[in-house]
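**Q** Please see the structure below; I have some questions.
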Amino acid sequence: MSSPSPAIEFQLSSVAFFGRTFDEYLRFFALDEAALRRGRILDVAAGPSSFTAEAHARGISAVAVDPLYGYPADTLTAHVQIDYARMLAEMRRKAGGFRYRYFPSLAAAEVSRRAAAERFLADYESGFLQDRYVGASLPRLPFPDGIFDLVLCAHLLFTYSRRFDYAFHLAACRELFRVSSGEVRLHPVCGLDGKPYPELSRLLDELSLSGIDARVIPVDYEFFPGSDTTLVLRRSA
Ligand SMILES: C[S@@+](CC[C@H](N)C(=O)[O-])C[C@H]1O[C@@H](n2cnc3c(N)ncnc32)[C@H](O)[C@@H]1O
């Protein structure tokens with residue numbers, strides 16, 4: 001694991017509707033395709049990520065949740081256009097501050113992120129009708145207890161820790177765990193400034209009191225400095 005660099009700090013006024021690919025998810029969640037084939041997957045705060053569209057095309061059972069799902073495809077296309085322009089402009093401004101491990105260049109990252117959104121948008125209307133895309137917001141999810149074998153949440157908790165307070169983080173982690181049969185993965189474990197989530201040990205202690213074992217694992221992925229770990233929640237033995 002490398003130490004966070006102070007060289008990069010995003011200036012975003014709201015949570016961006018911005019998404020990554022299936023392959024990127026495998027890397028930053030330290031998963032392989034065989035693990036995903038073992039059961040039902042839930043991706044929370046999925047945005048325009050192509051994870052669920054690509055998983056579905058591979059025959060993997062995946063459902064995505066985002067507050068914006070339920071809006072017409074045209075509205076989501078407009079969100080993608082606006083947020084991608086804003087995010088990519090910010091990324092270009094900070095181009096020297098990224099770690100080029102997964103992507104060889106910023107241009108490669110841009111191509112991949114745009115491809116993710118296009119793949120998501122192509123799947124959205126039919127997927128919504130098939131309940132593959134569900135409109136909902138943490139800290140409340142509209143699912144019964146334990147129905148997903150693996151629950152994923154990327155680039156919301158910790159990433160936007162200035163927007164969401166500690167109580168939100170704790171409630172969100174408990175809710176993600178409630179709908180899982182025993183495993184949740186969250187990435188990254190740092191903010192947009194690359195610094196580790198400051199209340200992590202308090203959060204892990206409180207989760208432990210609820211019977212949830214929480215571990216931070218290193219992952220073979222890093223784009224913004226400090227984003228090379230993932231938090232894994234499991235039921236305590
Ligand atoms: C930066 S995107 C991350 C997309 C995807 N998980 C990824 O890593 O590529 C963050 C998403 O969180 C969604 N979001 C914002 N507030 C939320 C909440 N309270 N619960 C769930 N999702 C939320 C936004 O709509 C946005 O699509």
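Each chain of the structure tokens is named A, B, ... in the order shown, its residues numbered from 1; ligands are numbered from 1 in display order.
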Name the residues, by chain letter and number, that sit within 10 Å of ligand 1 using only C-alpha atoms and all ligand atoms, and give them as a ChimeraX atom specification.

**A** /A:14-22,24-25,28,43-51,64-69,76,79-80,83,87,113,116-117,135-141,152-157,159-160,163-164,168,172,186-188

**Q** Quick one: pick out all strand (DSSP E) residues within region 38-89 of chain A from a backbone DSSP run and write them as a list in words.

**A**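 Answer for region 38-89 of chain A, restricted to strand (DSSP E): Ile41, Leu42, Asp43, Val44, Ala62, Val63, Ala64, Val65 and Asp66 of chain A.
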
**Q** Give me a file of those residues, with C-alpha atoms, as a short mmCIF file (atom, residue, chain, number, x, y, z; two decimals), in the first residue's frame.

**A**
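This is the output file part_17.cif:
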data_model
loop_
_atom_site.label_atom_id
_atom_site.label_comp_id
_atom_site.auth_asym_id
_atom_site.auth_seq_id
_atom_site.Cartn_x
_atom_site.Cartn_y
_atom_site.Cartn_z
CA ILE A 41 -24.87 -9.51 -6.22
CA LEU A 42 -26.12 -6.04 -5.23
CA ASP A 43 -24.26 -2.90 -6.34
CA VAL A 44 -25.34 0.14 -4.28
CA ALA A 62 -26.71 -8.57 -10.33
CA VAL A 63 -28.96 -5.72 -9.24
CA ALA A 64 -27.91 -2.05 -9.11
CA VAL A 65 -29.28 0.69 -6.84
CA ASP A 66 -29.01 4.45 -7.26
#

**Q** Write out as a PyMOL selection string the residues lying within 8 Å of region 176-184 of chain A, counting only C-alpha atoms and excluding same-chain residues fewer than 6 positions away.

**A** chain A and resi 141+143-153+232-235

**Q** Could you work out how far CA of Leu36 (chain A) lies from CA of Thr52 (chain A), giving the answer in Å with one decimal?

**A**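 Taking CA of Thr52 (chain A) as the start and CA of Leu36 (chain A) as the end point, the length is 11.2 Å.
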
**Q** Fewer than 5 positions away in the same chain doesn't count, so skip those; otherwise give me all residues within 12 Å of Ser105 (chain A), counting only C-alpha atoms, as a list in words.

**A** Met91, Arg92, Ala95, Gly96, Gly97, Phe98, Arg99, Tyr100, Glu110, Val111, Ser112 and Phe223 of chain A

**Q** What does the file look like for those residues with N, CA and C atoms, as a PDB file, in the first residue's frame?

**A**
ATOM      1  N   MET A  91     -10.388  15.919 -13.504  1.00  0.00           N
ATOM      2  CA  MET A  91      -9.315  14.925 -13.607  1.00  0.00           C
ATOM      3  C   MET A  91      -8.158  15.470 -14.450  1.00  0.00           C
ATOM      4  N   ARG A  92      -8.494  16.183 -15.546  1.00  0.00           N
ATOM      5  CA  ARG A  92      -7.417  16.737 -16.393  1.00  0.00           C
ATOM      6  C   ARG A  92      -6.613  17.772 -15.606  1.00  0.00           C
ATOM      7  N   ALA A  95      -4.234  15.837 -13.511  1.00  0.00           N
ATOM      8  CA  ALA A  95      -3.696  14.668 -14.222  1.00  0.00           C
ATOM      9  C   ALA A  95      -2.407  14.120 -13.617  1.00  0.00           C
ATOM     10  N   GLY A  96      -1.552  15.003 -13.129  1.00  0.00           N
ATOM     11  CA  GLY A  96      -0.261  14.551 -12.592  1.00  0.00           C
ATOM     12  C   GLY A  96      -0.390  13.876 -11.233  1.00  0.00           C
ATOM     13  N   GLY A  97      -1.543  13.950 -10.617  1.00  0.00           N
ATOM     14  CA  GLY A  97      -1.698  13.428  -9.252  1.00  0.00           C
ATOM     15  C   GLY A  97      -2.217  12.011  -9.189  1.00  0.00           C
ATOM     16  N   PHE A  98      -2.517  11.399 -10.322  1.00  0.00           N
ATOM     17  CA  PHE A  98      -3.053  10.034 -10.287  1.00  0.00           C
ATOM     18  C   PHE A  98      -1.940   9.003 -10.361  1.00  0.00           C
ATOM     19  N   ARG A  99      -2.280   7.793  -9.928  1.00  0.00           N
ATOM     20  CA  ARG A  99      -1.361   6.662 -10.066  1.00  0.00           C
ATOM     21  C   ARG A  99      -1.763   5.911 -11.329  1.00  0.00           C
ATOM     22  N   TYR A 100      -0.831   5.809 -12.279  1.00  0.00           N
ATOM     23  CA  TYR A 100      -1.136   5.131 -13.545  1.00  0.00           C
ATOM     24  C   TYR A 100      -0.692   3.668 -13.457  1.00  0.00           C
ATOM     25  N   GLU A 110     -10.306   7.966 -19.337  1.00  0.00           N
ATOM     26  CA  GLU A 110     -11.471   8.660 -19.897  1.00  0.00           C
ATOM     27  C   GLU A 110     -12.238   7.754 -20.845  1.00  0.00           C
ATOM     28  N   VAL A 111     -11.504   7.044 -21.718  1.00  0.00           N
ATOM     29  CA  VAL A 111     -12.157   6.140 -22.678  1.00  0.00           C
ATOM     30  C   VAL A 111     -12.938   5.063 -21.926  1.00  0.00           C
ATOM     31  N   SER A 112     -12.306   4.498 -20.892  1.00  0.00           N
ATOM     32  CA  SER A 112     -12.945   3.428 -20.119  1.00  0.00           C
ATOM     33  C   SER A 112     -14.192   3.927 -19.388  1.00  0.00           C
ATOM     34  N   PHE A 223      -6.066   4.400  -8.303  1.00  0.00           N
ATOM     35  CA  PHE A 223      -6.135   5.467  -9.316  1.00  0.00           C
ATOM     36  C   PHE A 223      -5.878   6.790  -8.623  1.00  0.00           C
TER      37      PHE A 223
END

**Q** Nearest residue to Tyr166 (chain A) out of A:Ala237, A:Pro196, A:Arg185, A:Arg202, using only C-alpha atoms?

**A**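 Checking each candidate against Tyr166 (chain A), we get A:Arg202 as the closest.
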
**Q** Rank nothing, just name the residue among A:Glu33, A:Asp74, A:Glu118, A:Asp193 nearest to Gly59 (chain A), using only C-alpha atoms.

**A** A:Glu33
